[in-house]
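Here is the file work_22.cif (mmCIF, N, CA and C atoms).
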data_start
loop_
_atom_site.label_atom_id
_atom_site.label_comp_id
_atom_site.auth_asym_id
_atom_site.auth_seq_id
_atom_site.Cartn_x
_atom_site.Cartn_y
_atom_site.Cartn_z
N MET A 16 62.31 -65.32 -183.75
CA MET A 16 61.45 -66.41 -184.20
C MET A 16 62.30 -67.68 -184.26
N PRO A 17 62.05 -68.62 -183.38
CA PRO A 17 62.84 -69.86 -183.41
C PRO A 17 62.50 -70.72 -184.62
N ALA A 18 63.53 -71.31 -185.20
CA ALA A 18 63.34 -72.22 -186.33
C ALA A 18 63.73 -73.62 -185.88
N PHE A 19 62.77 -74.54 -185.98
CA PHE A 19 62.98 -75.93 -185.60
C PHE A 19 63.07 -76.79 -186.85
N LEU A 20 64.03 -77.70 -186.87
CA LEU A 20 64.16 -78.67 -187.95
C LEU A 20 64.11 -80.06 -187.33
N HIS A 21 63.13 -80.85 -187.75
CA HIS A 21 63.01 -82.23 -187.30
C HIS A 21 63.34 -83.14 -188.49
N VAL A 22 64.26 -84.06 -188.28
CA VAL A 22 64.65 -85.01 -189.32
C VAL A 22 64.12 -86.37 -188.89
N LEU A 23 63.13 -86.89 -189.64
CA LEU A 23 62.44 -88.12 -189.26
C LEU A 23 62.85 -89.31 -190.09
N LYS A 24 63.13 -90.42 -189.41
CA LYS A 24 63.30 -91.69 -190.11
C LYS A 24 62.00 -92.48 -189.94
N SER A 25 61.89 -93.59 -190.60
CA SER A 25 60.61 -94.28 -190.74
C SER A 25 60.00 -94.78 -189.44
N ASP A 26 60.79 -95.08 -188.43
CA ASP A 26 60.23 -95.66 -187.21
C ASP A 26 60.05 -94.66 -186.07
N SER A 27 60.11 -93.36 -186.35
CA SER A 27 60.12 -92.39 -185.26
C SER A 27 58.91 -91.47 -185.19
N ALA A 28 57.97 -91.59 -186.08
CA ALA A 28 56.85 -90.65 -186.14
C ALA A 28 56.06 -90.60 -184.84
N ALA A 29 55.79 -91.73 -184.23
CA ALA A 29 54.97 -91.75 -183.01
C ALA A 29 55.61 -90.94 -181.89
N LEU A 30 56.92 -91.00 -181.76
CA LEU A 30 57.61 -90.23 -180.74
C LEU A 30 57.74 -88.75 -181.13
N ALA A 31 57.92 -88.49 -182.40
CA ALA A 31 58.22 -87.14 -182.85
C ALA A 31 56.99 -86.24 -182.93
N ILE A 32 55.84 -86.77 -183.28
CA ILE A 32 54.66 -85.93 -183.52
C ILE A 32 54.30 -85.04 -182.34
N PRO A 33 54.25 -85.54 -181.10
CA PRO A 33 53.90 -84.63 -179.99
C PRO A 33 54.90 -83.48 -179.82
N VAL A 34 56.16 -83.73 -180.06
CA VAL A 34 57.18 -82.68 -179.95
C VAL A 34 57.03 -81.68 -181.09
N ILE A 35 56.80 -82.16 -182.29
CA ILE A 35 56.60 -81.28 -183.45
C ILE A 35 55.38 -80.40 -183.23
N GLU A 36 54.30 -80.98 -182.74
CA GLU A 36 53.08 -80.20 -182.47
C GLU A 36 53.34 -79.13 -181.41
N ALA A 37 54.09 -79.47 -180.36
CA ALA A 37 54.41 -78.49 -179.32
C ALA A 37 55.27 -77.36 -179.88
N ASN A 38 56.24 -77.69 -180.73
CA ASN A 38 57.06 -76.66 -181.36
C ASN A 38 56.23 -75.74 -182.24
N ALA A 39 55.29 -76.32 -182.97
CA ALA A 39 54.44 -75.53 -183.88
C ALA A 39 53.53 -74.57 -183.11
N ARG A 40 53.20 -74.89 -181.86
CA ARG A 40 52.36 -74.01 -181.05
C ARG A 40 53.12 -72.83 -180.44
N GLU A 41 54.44 -72.89 -180.45
CA GLU A 41 55.23 -71.79 -179.90
C GLU A 41 55.04 -70.53 -180.74
N ALA A 42 54.92 -69.41 -180.05
CA ALA A 42 54.69 -68.14 -180.74
C ALA A 42 55.84 -67.82 -181.69
N GLY A 43 55.51 -67.57 -182.92
CA GLY A 43 56.49 -67.16 -183.92
C GLY A 43 57.42 -68.25 -184.41
N ALA A 44 57.18 -69.48 -184.03
CA ALA A 44 58.09 -70.57 -184.41
C ALA A 44 57.86 -70.99 -185.85
N GLY A 45 58.94 -71.37 -186.49
CA GLY A 45 58.89 -71.99 -187.81
C GLY A 45 59.34 -73.44 -187.66
N VAL A 46 58.55 -74.37 -188.16
CA VAL A 46 58.87 -75.79 -187.99
C VAL A 46 58.95 -76.44 -189.37
N THR A 47 60.06 -77.10 -189.62
CA THR A 47 60.25 -77.86 -190.85
C THR A 47 60.54 -79.30 -190.48
N VAL A 48 59.91 -80.22 -191.21
CA VAL A 48 60.15 -81.65 -191.03
C VAL A 48 60.74 -82.19 -192.32
N VAL A 49 61.85 -82.90 -192.20
CA VAL A 49 62.46 -83.56 -193.35
C VAL A 49 62.25 -85.06 -193.17
N LEU A 50 61.61 -85.68 -194.16
CA LEU A 50 61.36 -87.11 -194.14
C LEU A 50 62.50 -87.84 -194.85
N LEU A 51 63.13 -88.76 -194.17
CA LEU A 51 64.18 -89.56 -194.78
C LEU A 51 63.57 -90.67 -195.62
N ASP A 52 64.40 -91.40 -196.35
CA ASP A 52 63.93 -92.47 -197.25
C ASP A 52 63.01 -93.44 -196.53
N GLY A 53 61.89 -93.75 -197.16
CA GLY A 53 60.97 -94.75 -196.63
C GLY A 53 60.04 -94.24 -195.55
N THR A 54 60.10 -92.97 -195.20
CA THR A 54 59.23 -92.43 -194.15
C THR A 54 57.94 -91.94 -194.78
N THR A 55 56.81 -92.43 -194.25
CA THR A 55 55.52 -91.97 -194.73
C THR A 55 55.17 -90.66 -194.03
N LEU A 56 54.40 -89.86 -194.69
CA LEU A 56 54.02 -88.55 -194.16
C LEU A 56 53.03 -88.73 -193.01
N PRO A 57 53.43 -88.34 -191.79
CA PRO A 57 52.49 -88.42 -190.67
C PRO A 57 51.53 -87.23 -190.70
N SER A 58 50.49 -87.29 -189.92
CA SER A 58 49.56 -86.18 -189.79
C SER A 58 50.22 -85.09 -188.95
N LEU A 59 50.40 -83.92 -189.55
CA LEU A 59 51.09 -82.82 -188.88
C LEU A 59 50.24 -81.55 -188.94
N PRO A 60 50.49 -80.60 -188.05
CA PRO A 60 49.77 -79.32 -188.10
C PRO A 60 50.00 -78.63 -189.45
N PRO A 61 49.02 -77.87 -189.92
CA PRO A 61 49.16 -77.21 -191.23
C PRO A 61 50.31 -76.22 -191.33
N ALA A 62 50.75 -75.65 -190.21
CA ALA A 62 51.83 -74.66 -190.25
C ALA A 62 53.21 -75.29 -190.44
N VAL A 63 53.30 -76.60 -190.38
CA VAL A 63 54.59 -77.30 -190.50
C VAL A 63 54.95 -77.48 -191.97
N THR A 64 56.16 -77.11 -192.33
CA THR A 64 56.67 -77.31 -193.67
C THR A 64 57.27 -78.71 -193.75
N VAL A 65 56.88 -79.48 -194.77
CA VAL A 65 57.38 -80.85 -194.91
C VAL A 65 58.21 -80.94 -196.18
N ARG A 66 59.41 -81.50 -196.03
CA ARG A 66 60.30 -81.75 -197.16
C ARG A 66 60.68 -83.21 -197.15
N ARG A 67 61.06 -83.74 -198.29
CA ARG A 67 61.50 -85.13 -198.38
C ARG A 67 62.92 -85.16 -198.95
N LEU A 68 63.79 -85.91 -198.26
CA LEU A 68 65.16 -86.06 -198.75
C LEU A 68 65.12 -86.99 -199.96
N SER A 69 65.19 -86.38 -201.14
CA SER A 69 65.12 -87.14 -202.39
C SER A 69 65.61 -86.23 -203.52
N PRO A 70 66.01 -86.82 -204.63
CA PRO A 70 66.48 -86.00 -205.75
C PRO A 70 65.42 -85.03 -206.28
N SER A 71 64.14 -85.35 -206.09
CA SER A 71 63.09 -84.49 -206.63
C SER A 71 62.66 -83.39 -205.66
N ASP A 72 63.13 -83.41 -204.40
CA ASP A 72 62.73 -82.38 -203.45
C ASP A 72 63.94 -81.73 -202.78
N LEU A 73 64.61 -82.45 -201.90
CA LEU A 73 65.68 -81.87 -201.11
C LEU A 73 66.91 -82.78 -201.19
N ASP A 74 68.02 -82.22 -201.65
CA ASP A 74 69.25 -83.02 -201.69
C ASP A 74 70.05 -82.79 -200.41
N TYR A 75 71.19 -83.47 -200.29
CA TYR A 75 72.00 -83.36 -199.07
C TYR A 75 72.53 -81.95 -198.86
N SER A 76 72.85 -81.25 -199.90
CA SER A 76 73.30 -79.87 -199.79
C SER A 76 72.19 -78.99 -199.22
N GLY A 77 70.98 -79.20 -199.70
CA GLY A 77 69.83 -78.45 -199.19
C GLY A 77 69.54 -78.78 -197.74
N LEU A 78 69.71 -80.05 -197.36
CA LEU A 78 69.53 -80.44 -195.96
C LEU A 78 70.57 -79.74 -195.09
N LEU A 79 71.79 -79.69 -195.54
CA LEU A 79 72.83 -79.01 -194.79
C LEU A 79 72.50 -77.53 -194.61
N ASP A 80 71.98 -76.89 -195.65
CA ASP A 80 71.56 -75.50 -195.54
C ASP A 80 70.48 -75.34 -194.47
N LEU A 81 69.49 -76.25 -194.48
CA LEU A 81 68.42 -76.18 -193.47
C LEU A 81 68.99 -76.35 -192.06
N ILE A 82 69.95 -77.24 -191.90
CA ILE A 82 70.55 -77.46 -190.58
C ILE A 82 71.19 -76.17 -190.06
N PHE A 83 71.93 -75.48 -190.90
CA PHE A 83 72.61 -74.26 -190.46
C PHE A 83 71.67 -73.07 -190.33
N GLN A 84 70.51 -73.11 -190.98
CA GLN A 84 69.53 -72.03 -190.86
C GLN A 84 68.65 -72.19 -189.62
N SER A 85 68.64 -73.36 -189.02
CA SER A 85 67.75 -73.66 -187.90
C SER A 85 68.40 -73.34 -186.57
N ASP A 86 67.54 -72.95 -185.62
CA ASP A 86 68.00 -72.71 -184.26
C ASP A 86 68.14 -74.03 -183.49
N ARG A 87 67.26 -74.95 -183.80
CA ARG A 87 67.30 -76.27 -183.17
C ARG A 87 67.10 -77.34 -184.22
N VAL A 88 67.92 -78.39 -184.15
CA VAL A 88 67.80 -79.52 -185.06
C VAL A 88 67.58 -80.76 -184.20
N ILE A 89 66.49 -81.46 -184.46
CA ILE A 89 66.14 -82.66 -183.71
C ILE A 89 66.10 -83.82 -184.69
N THR A 90 66.91 -84.83 -184.42
CA THR A 90 66.91 -86.01 -185.28
C THR A 90 66.22 -87.14 -184.55
N TRP A 91 65.39 -87.85 -185.28
CA TRP A 91 64.59 -88.94 -184.69
C TRP A 91 65.00 -90.25 -185.30
#
Go ahead and render the structure in this file as structure tokens.
Amino acid sequence: MPAFLHVLKSDSAALAIPVIEANAREAGAGVTVVLLDGTTLPSLPPAVTVRRLSPSDLDYSGLLDLIFQSDRVITW
């Protein structure tokens, strides 16, 4: 089961969404999106896990864990 991690900054949603959607359609794929500071939540497929890099959700240590747990990491 491939695990995809997409790290989005505020100006990249338009480019990233089609790729995220394609990854989510792959059989058995797990897709996680991490929103960096100032990034608004784009419309994503329901199967996509969304996290926000912030003290109340995901810290840098947690982001590093996600990076090493993923098969592919895509930064936007």
Just asking: which residues within chain A are helix (DSSP H, G or I) according to DSSP, as a ChimeraX atom specification? /A:28-40,75-84
Pick out each residue of chain A that DSSP on the backbone tags as strand (DSSP E or B); I need them as a ChimeraX atom specification. /A:18-23,45-50,64-68,73,87-90
Exactly which residues make up the result of the PyMOL selection byres ((chain A and resi 22) around 6) on this file, given as a list in words? Leu20, His21, Leu23, Lys24, Val48, Val49, Leu50, Leu51, Ile89, Thr90 and Trp91 of chain A
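You will find CA of Gln84 (chain A) at 25.7 Å from CA of Ala29 (chain A).
Nearest residue to Thr55 (chain A) among A:Asp80, A:Asp26, A:Glu41, A:Asp74 is A:Asp26, counting only C-alpha atoms.
For the pair CA of Ser58 (chain A) and atom N of Asp86 (chain A), the interatomic distance is 22.7 Å.
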When you draw a straight line from atom C of Ser27 (chain A) to atom N of Pro57 (chain A), how long is it in Å? 9.1 Å
Kindly indicate which residue among A:Ala62, A:Ser25, A:Leu81, A:Val88 lies nearest to Gly45 (chain A), using only N, CA and C atoms for the distances. A:Ala62
Would you compute an axis-aligned box for region 58-69 of chain A, covering every atom listed for it in the file with 4 Å of margin on each side, and report centre and edge lengths in Å to one decimal as lines of an AutoDock Vina configuration file?
center_x = 57.3
center_y = -81.0
center_z = -195.8
size_x = 24.6
size_y = 20.6
size_z = 23.5
Could you tell me, as a PDB file with N, CA and C atoms, keeping the file's coordinate frame, which residues have any atom at most 8 Å from (51.4, -79.9, -185.9), counting all atoms listed in the file?
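Output below, filename selection-v4.pdb:
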ATOM      1  N   ILE A  32      55.840 -86.770-183.280  1.00  0.00           N
ATOM      2  CA  ILE A  32      54.660 -85.930-183.520  1.00  0.00           C
ATOM      3  C   ILE A  32      54.300 -85.040-182.340  1.00  0.00           C
ATOM      4  N   PRO A  33      54.250 -85.540-181.100  1.00  0.00           N
ATOM      5  CA  PRO A  33      53.900 -84.630-179.990  1.00  0.00           C
ATOM      6  C   PRO A  33      54.900 -83.480-179.820  1.00  0.00           C
ATOM      7  N   VAL A  34      56.160 -83.730-180.060  1.00  0.00           N
ATOM      8  CA  VAL A  34      57.180 -82.680-179.950  1.00  0.00           C
ATOM      9  C   VAL A  34      57.030 -81.680-181.090  1.00  0.00           C
ATOM     10  N   ILE A  35      56.800 -82.160-182.290  1.00  0.00           N
ATOM     11  CA  ILE A  35      56.600 -81.280-183.450  1.00  0.00           C
ATOM     12  C   ILE A  35      55.380 -80.400-183.230  1.00  0.00           C
ATOM     13  N   GLU A  36      54.300 -80.980-182.740  1.00  0.00           N
ATOM     14  CA  GLU A  36      53.080 -80.200-182.470  1.00  0.00           C
ATOM     15  C   GLU A  36      53.340 -79.130-181.410  1.00  0.00           C
ATOM     16  N   ALA A  37      54.090 -79.470-180.360  1.00  0.00           N
ATOM     17  CA  ALA A  37      54.410 -78.490-179.320  1.00  0.00           C
ATOM     18  C   ALA A  37      55.270 -77.360-179.880  1.00  0.00           C
ATOM     19  N   ASN A  38      56.240 -77.690-180.730  1.00  0.00           N
ATOM     20  CA  ASN A  38      57.060 -76.660-181.360  1.00  0.00           C
ATOM     21  C   ASN A  38      56.230 -75.740-182.240  1.00  0.00           C
ATOM     22  N   ALA A  39      55.290 -76.320-182.970  1.00  0.00           N
ATOM     23  CA  ALA A  39      54.440 -75.530-183.880  1.00  0.00           C
ATOM     24  C   ALA A  39      53.530 -74.570-183.110  1.00  0.00           C
ATOM     25  N   ARG A  40      53.200 -74.890-181.860  1.00  0.00           N
ATOM     26  CA  ARG A  40      52.360 -74.010-181.050  1.00  0.00           C
ATOM     27  C   ARG A  40      53.120 -72.830-180.440  1.00  0.00           C
ATOM     28  N   SER A  58      50.490 -87.290-189.920  1.00  0.00           N
ATOM     29  CA  SER A  58      49.560 -86.180-189.790  1.00  0.00           C
ATOM     30  C   SER A  58      50.220 -85.090-188.950  1.00  0.00           C
ATOM     31  N   LEU A  59      50.400 -83.920-189.550  1.00  0.00           N
ATOM     32  CA  LEU A  59      51.090 -82.820-188.880  1.00  0.00           C
ATOM     33  C   LEU A  59      50.240 -81.550-188.940  1.00  0.00           C
ATOM     34  N   PRO A  60      50.490 -80.600-188.050  1.00  0.00           N
ATOM     35  CA  PRO A  60      49.770 -79.320-188.100  1.00  0.00           C
ATOM     36  C   PRO A  60      50.000 -78.630-189.450  1.00  0.00           C
ATOM     37  N   PRO A  61      49.020 -77.870-189.920  1.00  0.00           N
ATOM     38  CA  PRO A  61      49.160 -77.210-191.230  1.00  0.00           C
ATOM     39  C   PRO A  61      50.310 -76.220-191.330  1.00  0.00           C
ATOM     40  N   ALA A  62      50.750 -75.650-190.210  1.00  0.00           N
ATOM     41  CA  ALA A  62      51.830 -74.660-190.250  1.00  0.00           C
ATOM     42  C   ALA A  62      53.210 -75.290-190.440  1.00  0.00           C
ATOM     43  N   VAL A  63      53.300 -76.600-190.380  1.00  0.00           N
ATOM     44  CA  VAL A  63      54.590 -77.300-190.500  1.00  0.00           C
ATOM     45  C   VAL A  63      54.950 -77.480-191.970  1.00  0.00           C
TER      46      VAL A  63
END
Excluding same-chain residues fewer than 2 positions from Met16 (chain A), what lies within 8 Å of it counting all atoms listed in the file, as a PyMOL selection string? chain A and resi 18-19+42-45+86
